[in-house]
$ cat protein.cif   # mmCIF, C-alpha atoms
data_entry
loop_
_atom_site.label_atom_id
_atom_site.label_comp_id
_atom_site.auth_asym_id
_atom_site.auth_seq_id
_atom_site.Cartn_x
_atom_site.Cartn_y
_atom_site.Cartn_z
CA MET A 16 101.04 132.83 133.97
CA ALA A 17 103.22 131.97 136.94
CA GLY A 18 103.40 134.37 139.87
CA THR A 19 106.62 136.20 140.55
CA LEU A 20 107.14 134.36 143.83
CA GLU A 21 106.77 130.85 142.50
CA TRP A 22 109.72 128.86 141.28
CA GLN A 23 109.54 128.25 137.54
CA LEU A 24 111.57 125.87 135.45
CA ALA A 25 113.66 127.74 132.89
CA THR A 26 115.40 126.09 129.97
CA VAL A 27 118.84 127.39 129.05
CA THR A 28 118.58 128.10 125.33
CA ALA A 29 121.91 129.83 124.69
CA VAL A 30 125.21 130.52 126.42
CA ARG A 31 127.47 133.33 125.27
CA ASP A 32 130.86 134.54 126.50
CA GLU A 33 131.01 138.27 127.23
CA THR A 34 134.55 138.34 128.64
CA ALA A 35 136.95 135.71 129.98
CA THR A 36 135.03 135.52 133.26
CA VAL A 37 131.55 136.77 132.35
CA ARG A 38 128.97 134.76 130.51
CA THR A 39 125.37 135.37 129.42
CA PHE A 40 122.72 132.69 129.73
CA THR A 41 119.47 132.95 127.82
CA LEU A 42 116.66 131.38 129.81
CA GLY A 43 113.47 130.31 128.08
CA LEU A 44 110.50 130.87 130.38
CA PRO A 45 107.19 129.95 128.76
CA ALA A 46 105.16 131.44 131.62
CA TRP A 47 107.25 134.61 132.00
CA GLN A 48 105.04 137.50 133.06
CA GLY A 49 107.43 140.19 131.85
CA HIS A 50 109.78 142.38 133.81
CA ARG A 51 110.93 145.96 134.25
CA PRO A 52 114.50 146.95 133.42
CA GLY A 53 116.60 146.77 136.60
CA GLN A 54 114.79 143.81 138.12
CA HIS A 55 116.49 140.53 138.98
CA VAL A 56 115.68 136.87 139.35
CA ASP A 57 116.65 134.37 141.98
CA VAL A 58 118.21 131.16 140.67
CA ARG A 59 118.01 128.05 142.85
CA LEU A 60 120.24 125.01 142.57
CA THR A 61 119.33 121.87 144.47
CA ALA A 62 121.75 118.99 145.01
CA ALA A 63 120.74 115.34 145.06
CA ASP A 64 120.84 115.35 148.87
CA GLY A 65 118.37 118.23 149.04
CA TYR A 66 120.90 120.96 149.83
CA SER A 67 119.86 124.04 147.93
CA VAL A 68 121.39 127.43 147.35
CA GLU A 69 119.93 130.57 145.83
CA ARG A 70 121.55 133.57 144.19
CA SER A 71 120.17 136.75 142.68
CA TYR A 72 121.10 137.71 139.13
CA SER A 73 120.12 140.88 137.34
CA ILE A 74 118.19 140.56 134.12
CA ALA A 75 120.22 141.92 131.21
CA SER A 76 117.59 141.77 128.48
CA GLU A 77 114.87 144.23 127.58
CA PRO A 78 111.26 143.43 128.52
CA GLU A 79 110.18 143.64 124.89
CA ARG A 80 111.57 140.15 124.27
CA PRO A 81 108.83 137.57 124.98
CA ASP A 82 109.21 134.33 126.93
CA ALA A 83 112.95 134.60 127.52
CA ILE A 84 115.42 136.59 129.58
CA ASP A 85 119.18 136.95 129.60
CA VAL A 86 121.13 136.84 132.81
CA THR A 87 124.80 137.79 132.72
CA VAL A 88 126.90 136.12 135.39
CA GLU A 89 130.45 136.79 136.51
CA ARG A 90 132.35 133.69 137.54
CA ILE A 91 133.46 134.01 141.16
CA PRO A 92 136.18 131.40 141.73
CA ASP A 93 135.11 130.47 145.26
CA GLY A 94 131.40 130.90 144.63
CA GLU A 95 128.84 128.17 145.07
CA VAL A 96 126.63 128.98 142.10
CA SER A 97 128.50 130.95 139.45
CA PRO A 98 131.21 128.29 138.85
CA PHE A 99 128.45 125.73 138.34
CA LEU A 100 126.68 127.97 135.86
CA HIS A 101 129.93 128.68 134.00
CA ASP A 102 131.53 125.24 134.06
CA VAL A 103 128.58 122.86 133.94
CA VAL A 104 125.47 124.43 132.46
CA VAL A 105 124.95 124.01 128.70
CA PRO A 106 122.00 124.74 126.42
CA GLY A 107 119.15 122.39 127.12
CA ASP A 108 119.75 122.32 130.88
CA ARG A 109 117.01 123.47 133.17
CA LEU A 110 117.25 125.81 136.16
CA GLU A 111 114.79 126.90 138.82
CA VAL A 112 114.05 130.62 138.60
CA ARG A 113 111.88 132.98 140.67
CA GLY A 114 110.98 136.50 139.63
CA PRO A 115 111.02 139.14 138.42
CA ILE A 116 111.98 140.77 141.72
CA GLY A 117 112.43 144.42 142.60
CA GLY A 118 110.46 147.62 142.40
CA TYR A 119 113.05 150.08 143.62
CA PHE A 120 115.96 149.85 141.21
CA VAL A 121 113.84 149.95 138.05
CA TRP A 122 113.48 152.29 135.13
CA GLY A 123 111.05 152.32 132.25
CA ALA A 124 110.68 154.67 129.30
CA SER A 125 107.49 156.08 130.82
CA LEU A 126 109.58 157.55 133.66
CA GLY A 127 111.52 159.63 131.14
CA GLY A 128 114.93 161.14 131.66
CA PRO A 129 117.50 162.36 131.26
CA LEU A 130 119.19 159.24 132.51
CA LEU A 131 122.59 158.89 134.18
CA LEU A 132 123.76 155.30 134.59
CA VAL A 133 126.89 154.50 136.60
CA ALA A 134 128.30 150.97 136.53
CA GLY A 135 131.22 149.15 138.05
CA GLY A 136 132.12 145.82 136.45
CA SER A 137 129.19 143.44 136.25
CA GLY A 138 127.06 146.15 137.84
CA VAL A 139 126.41 147.12 134.24
CA VAL A 140 124.00 144.21 133.82
CA PRO A 141 120.74 145.77 135.10
CA LEU A 142 121.73 149.04 133.42
CA MET A 143 122.09 147.17 130.12
CA ALA A 144 118.46 146.10 130.44
CA MET A 145 117.59 149.80 130.75
CA ILE A 146 119.74 150.70 127.73
CA ARG A 147 118.26 147.92 125.60
CA HIS A 148 114.76 148.93 126.64
CA ARG A 149 115.57 152.52 125.80
CA GLU A 150 116.56 151.47 122.28
CA ARG A 151 113.19 149.81 121.82
CA ALA A 152 110.88 152.18 123.63
CA GLY A 153 112.59 155.37 124.74
CA ARG A 154 115.11 156.68 122.22
CA ASP A 155 114.11 160.24 123.02
CA VAL A 156 115.56 159.83 126.52
CA ARG A 157 119.02 161.34 126.65
CA THR A 158 121.22 158.82 128.44
CA ARG A 159 124.83 158.69 129.57
CA LEU A 160 126.52 155.58 130.92
CA LEU A 161 129.69 155.94 133.00
CA PHE A 162 131.22 152.48 133.10
CA SER A 163 134.21 151.56 135.25
CA SER A 164 136.17 148.42 134.39
CA ARG A 165 139.62 147.29 135.45
CA HIS A 166 141.06 146.41 132.04
CA ALA A 167 139.82 147.02 128.49
CA GLU A 168 139.36 143.30 127.88
CA GLU A 169 137.06 143.12 130.91
CA ILE A 170 134.53 145.61 129.52
CA ILE A 171 131.25 143.71 129.43
CA TYR A 172 129.02 144.27 126.35
CA ARG A 173 131.74 146.44 124.82
CA ALA A 174 130.89 145.76 121.17
CA GLU A 175 127.17 146.29 121.68
CA LEU A 176 127.73 149.48 123.67
CA ASP A 177 130.06 150.80 120.94
CA GLU A 178 127.46 150.04 118.30
CA LEU A 179 124.60 151.63 120.22
CA ALA A 180 126.63 154.75 121.00
CA ALA A 181 127.65 155.07 117.33
CA ARG A 182 124.01 155.59 116.38
CA ASN A 183 124.23 159.05 117.96
CA ASP A 184 120.63 158.83 119.04
CA GLY A 185 121.11 160.24 122.51
CA LEU A 186 123.04 157.42 124.19
CA GLU A 187 126.61 158.22 125.18
CA VAL A 188 129.00 155.77 126.81
CA VAL A 189 131.95 156.99 128.87
CA HIS A 190 134.47 154.38 130.00
CA THR A 191 137.03 154.51 132.73
CA LEU A 192 139.73 151.87 133.21
CA THR A 193 141.25 151.56 136.66
CA ARG A 194 144.13 149.10 136.24
CA SER A 195 145.49 149.25 132.71
CA SER A 196 144.63 150.92 129.46
CA PRO A 197 145.62 150.02 125.90
CA PRO A 198 147.62 152.37 123.63
CA GLY A 199 145.41 155.06 122.17
CA TRP A 200 142.80 154.80 124.93
CA THR A 201 140.79 158.02 125.06
CA GLY A 202 138.56 157.32 128.06
CA TYR A 203 139.29 157.98 131.70
CA THR A 204 142.01 155.98 133.46
CA ARG A 205 141.18 156.24 137.14
CA ARG A 206 138.57 155.27 139.67
CA ILE A 207 135.29 157.13 139.63
CA ASP A 208 135.59 160.36 141.60
CA ASP A 209 133.73 163.63 142.14
CA ARG A 210 135.33 165.41 139.22
CA MET A 211 134.61 162.61 136.78
CA LEU A 212 130.99 162.41 137.89
CA GLY A 213 130.64 166.16 137.60
CA GLU A 214 131.94 166.06 134.03
CA VAL A 215 129.67 163.19 133.02
CA LEU A 216 126.63 164.68 134.73
CA GLU A 217 127.11 168.19 133.42
CA PRO A 218 125.35 167.84 130.03
CA LEU A 219 122.36 166.17 131.71
CA GLY A 220 121.92 168.56 134.62
CA ILE A 221 120.76 167.83 138.13
CA GLY A 222 117.35 166.71 136.93
CA ALA A 223 118.89 163.41 135.79
CA ARG A 224 117.43 160.16 137.04
CA THR A 225 120.40 158.21 138.27
CA TYR A 226 120.98 154.49 138.68
CA ILE A 227 124.24 153.24 140.17
CA CYS A 228 125.17 149.57 140.34
CA GLY A 229 128.44 147.97 141.32
CA PRO A 230 130.50 146.94 144.31
CA THR A 231 129.43 148.63 147.52
CA ALA A 232 132.43 150.94 147.75
CA LEU A 233 131.91 152.26 144.21
CA VAL A 234 128.21 152.76 144.85
CA GLU A 235 128.93 154.74 148.02
CA VAL A 236 131.49 156.97 146.33
CA ALA A 237 129.25 157.69 143.34
CA ALA A 238 126.00 158.18 145.25
CA ASN A 239 127.56 160.52 147.81
CA ALA A 240 129.29 162.55 145.10
CA LEU A 241 126.13 162.94 143.02
CA VAL A 242 124.15 164.14 146.02
CA ARG A 243 126.91 166.64 146.74
CA LEU A 244 126.65 167.77 143.12
CA GLY A 245 123.02 168.63 143.75
CA LEU A 246 120.95 165.60 142.74
CA PRO A 247 117.98 164.96 145.01
CA PRO A 248 118.73 161.78 147.01
CA ASP A 249 115.47 160.16 145.92
CA ARG A 250 116.58 160.40 142.30
CA VAL A 251 119.80 158.51 143.01
CA ARG A 252 118.90 154.85 143.00
CA THR A 253 121.55 152.34 143.99
CA GLU A 254 122.08 148.62 143.87
CA ARG A 255 125.08 147.04 145.55
CA PHE A 256 126.40 143.65 144.74
CA GLY A 257 129.01 141.63 146.49
CA PRO A 258 130.37 138.15 146.76
CA THR A 259 127.01 136.84 147.97
CA GLY A 260 125.15 138.39 145.12
CA THR A 261 127.17 136.48 142.60
CA MET B 6 128.19 156.69 155.57
CA ASP B 7 129.03 153.86 157.91
CA ASP B 8 130.66 151.66 155.34
CA THR B 9 132.74 154.11 153.38
CA ARG B 10 136.36 153.55 154.21
CA PRO B 11 139.23 155.73 153.16
CA GLY B 12 141.64 153.75 151.08
CA SER B 13 139.16 151.15 149.97
CA ALA B 14 139.20 150.41 146.28
CA PRO B 15 135.90 151.25 144.61
CA ASP B 16 136.51 148.98 141.66
CA ASP B 17 137.83 145.91 143.35
CA ALA B 18 135.24 143.60 144.80
CA SER B 19 137.70 142.01 147.18
CA ALA B 20 139.47 145.15 148.38
CA ASP B 21 137.53 145.43 151.61
CA PRO B 22 135.75 142.26 152.58
CA VAL B 23 133.70 143.97 155.29
CA ALA B 24 132.44 146.82 153.13
CA ASP B 25 131.90 144.49 150.21
CA ALA B 26 129.85 142.10 152.31
CA VAL B 27 127.19 144.77 152.61
CA LEU B 28 124.47 144.50 150.02
CA ASP B 29 121.13 146.22 149.95
CA GLY B 30 117.55 145.19 150.36
CA ASN B 31 117.25 144.47 146.64
CA ALA B 32 119.37 141.38 147.19
CA VAL B 33 116.78 139.79 149.47
CA GLY B 34 113.74 141.00 147.54
CA GLY B 35 112.78 137.46 146.57
CA MET B 36 112.82 136.15 150.12
CA LEU B 37 110.94 139.19 151.46
CA GLY B 38 108.44 138.94 148.63
CA THR B 39 107.70 135.36 149.58
CA LEU B 40 107.27 136.25 153.27
CA PHE B 41 105.10 139.32 152.77
CA ALA B 42 103.36 138.15 149.58
CA ALA B 43 104.13 141.54 148.04
CA GLU B 44 106.88 143.23 146.08
CA MET B 45 108.87 144.70 148.96
CA THR B 46 111.86 146.58 147.60
CA ALA B 47 109.94 149.76 146.79
CA VAL B 48 107.96 149.68 150.05
CA PRO B 49 108.94 152.63 152.25
CA GLY B 50 109.56 152.06 155.92
CA LYS B 51 110.33 154.36 158.82
CA CYS B 52 113.36 153.59 160.94
CA ALA B 53 112.29 153.25 164.57
CA HIS B 54 115.70 154.48 165.71
CA CYS B 55 116.12 157.73 163.77
CA GLY B 56 112.90 158.24 161.84
CA THR B 57 114.45 158.16 158.37
CA MET B 58 112.16 156.85 155.63
CA SER B 59 113.88 154.36 153.30
CA ALA B 60 112.66 151.98 150.64
CA VAL B 61 113.27 148.42 151.77
CA GLY B 62 115.45 147.98 148.68
CA SER B 63 117.78 150.70 149.92
CA LEU B 64 118.33 149.29 153.40
CA ARG B 65 121.82 147.91 154.02
CA ALA B 66 121.64 144.12 153.88
CA TYR B 67 124.01 141.86 155.78
CA VAL B 68 123.38 138.41 154.41
CA ARG B 69 126.56 136.47 155.18
CA ALA B 70 125.41 135.34 158.57
CA PRO B 71 123.03 132.75 159.97
CA GLY B 72 120.27 135.21 159.19
CA THR B 73 119.60 138.38 157.25
CA VAL B 74 119.96 141.78 158.89
CA LEU B 75 118.63 144.93 157.25
CA ARG B 76 119.96 148.19 158.65
CA CYS B 77 118.95 151.82 158.21
CA PRO B 78 121.26 153.55 155.70
CA ALA B 79 121.15 156.75 157.76
CA CYS B 80 121.81 155.59 161.34
CA GLY B 81 122.85 151.96 160.96
CA GLY B 82 120.16 150.75 163.33
CA VAL B 83 118.71 147.30 162.75
CA VAL B 84 115.34 147.62 161.00
CA ILE B 85 114.44 144.03 160.08
CA ARG B 86 115.98 140.68 160.92
CA VAL B 87 115.01 137.41 159.27
CA VAL B 88 116.11 134.01 160.52
CA GLU B 89 115.14 130.80 158.79
CA THR B 90 115.16 127.51 160.66
CA ALA B 91 114.21 124.07 159.44
CA GLU B 92 110.65 124.55 160.67
CA ALA B 93 109.88 128.24 160.38
CA THR B 94 110.97 131.71 159.41
CA TYR B 95 111.27 134.39 162.10
CA VAL B 96 110.84 138.04 161.13
CA ASP B 97 111.83 140.63 163.74
CA ALA B 98 110.73 144.03 162.44
CA ARG B 99 110.80 145.98 165.68
CA GLY B 100 113.30 148.38 164.17
CA ALA B 101 110.67 149.55 161.69
CA ALA B 102 108.22 152.06 163.14
CA TYR B 103 106.05 151.10 160.18
CA LEU B 104 106.08 149.86 156.59
CA ARG B 105 103.74 151.59 154.17
CA PHE B 106 101.93 149.44 151.59
CA GLU B 107 100.06 151.45 149.00
CA ARG B 108 96.70 150.16 147.87
CA GLY B 109 95.86 149.51 144.26
#
$ encode --input "protein.cif" --output "structure tokens"
Amino acid sequence: MAGTLEWQLATVTAVRDETATVRTFTLGLPAWQGHRPGQHVDVRLTAADGYSVERSYSIASEPERPDAIDVTVERIPDGEVSPFLHDVVVPGDRLEVRGPIGGYFVWGASLGGPLLLVAGGSGVVPLMAMIRHRERAGRDVRTRLLFSSRHAEEIIYRAELDELAARNDGLEVVHTLTRSSPPGWTGYTRRIDDRMLGEVLEPLGIGARTYICGPTALVEVAANALVRLGLPPDRVRTERFGPTGT
Amino acid sequence: MDDTRPGSAPDDASADPVADAVLDGNAVGGMLGTLFAAEMTAVPGKCAHCGTMSAVGSLRAYVRAPGTVLRCPACGGVVIRVVETAEATYVDARGAAYLRFERG
């Protein structure tokens, strides 16, 4: 079993498009020690001249899956790593990976709920690991996901989220679209604000464990609003991502 | 909060390059884990400037610089700085009154 701080060689076993700019890579890791939902890995690329660059990517898959993880990566046009992953990497390629990393932004079924998850864009990735874990190990935990995307076609994991929510087993998914919405759209159509958070939180109550992940500005707005609504600050866990985290 | 700006766009990663450049301590968890040989993001630390306790993972991280700067989310004071050179890594943690590592 490799330690979490040692670089391991992962083999890309599958590549799947989520949206036009977001892609999921399945990484086979024979010595994977397991992870907790919300954790991430560092991926290192090294050029022939020795120049190397590292980026952190959240794990999207549930820990119940052995010897493999999914990472979902948004392609950032001027990025150093994500364009390589999107444009060059194919199944069979190998990547250096270190992890799992993180003990703060994590949730497991043993922590219980209710659970309020707030995502902006690809900030949904670590929350998806929590949702998938919940399906396997914590279906009694009432969970609501508030998910902000710009356009309907940019909603990551949309089909899977629809399917999971349709089971009516205690997972509810609330979408908001901030730029455009298709005809017949029934979700919210604005940026996350106090009123929206209040409405989504209301059925769960202020005892909800809350995880917020997205761009810094969204995280600030949501975390501050939820504390104003009465959630204890130590129950509002946040993870910010930005251009360097991609 | 020091990096909330009226008029910034919560959903657009490029709306405010300064605010969006701020990450949190989770983003450098791998590097800190290597340096301290421990999972660091859940480790609580006390800000030497204002006394606020924060998990390392919740510190504000400024990583787009020749080093990494971790600031207190309450007062903005610098808690930890890390600079890597070709030969060594420098950790300046004078902004942390202490870090608390639980046993077991």
$ interface_residues --input "protein.cif" --of "chain A" --to "chain B" --cutoff "7 Å" --atoms "only C-alpha atoms" --output "list of chain:residue names"
A:Leu20, A:Asp57, A:Ser71, A:Ile116, A:Gly117, A:Gly118, A:Tyr119, A:Gly135, A:Arg206, A:Pro230, A:Thr231, A:Ala232, A:Leu233, A:Glu235, A:Glu254, A:Arg255, A:Phe256, A:Gly257, A:Pro258, A:Gly260
$ resolve_selection --input "protein.cif" --expression "the PyMOL selection byres ((chain A and resi 106-108) around 8)" --output "PDB file with C-alpha atoms, keeping the file's coordinate frame"
ATOM      1  CA  THR A  26     115.400 126.090 129.970  1.00  0.00           C
ATOM      2  CA  VAL A  27     118.840 127.390 129.050  1.00  0.00           C
ATOM      3  CA  THR A  28     118.580 128.100 125.330  1.00  0.00           C
ATOM      4  CA  ALA A  29     121.910 129.830 124.690  1.00  0.00           C
ATOM      5  CA  VAL A  30     125.210 130.520 126.420  1.00  0.00           C
ATOM      6  CA  VAL A 104     125.470 124.430 132.460  1.00  0.00           C
ATOM      7  CA  VAL A 105     124.950 124.010 128.700  1.00  0.00           C
ATOM      8  CA  ARG A 109     117.010 123.470 133.170  1.00  0.00           C
ATOM      9  CA  LEU A 110     117.250 125.810 136.160  1.00  0.00           C
TER      10      LEU A 110
END
$ closest_residue --input "protein.cif" --among "A:Ser137, A:Thr253, A:Thr41, A:Thr191" --to "Glu89 in chain A" --atoms "all atoms listed in the file"
A:Ser137
$ atom_distance --input "protein.cif" --atom1 "CA of Arg194 in chain A" --atom2 "CA of Val236 in chain A"
18.0 Å
$ resolve_selection --input "protein.cif" --expression "the PyMOL selection byres ((chain B and resi 83-90) around 7)" --output "number ranges by chain"
B: 52, 72-77, 81-82, 91-101
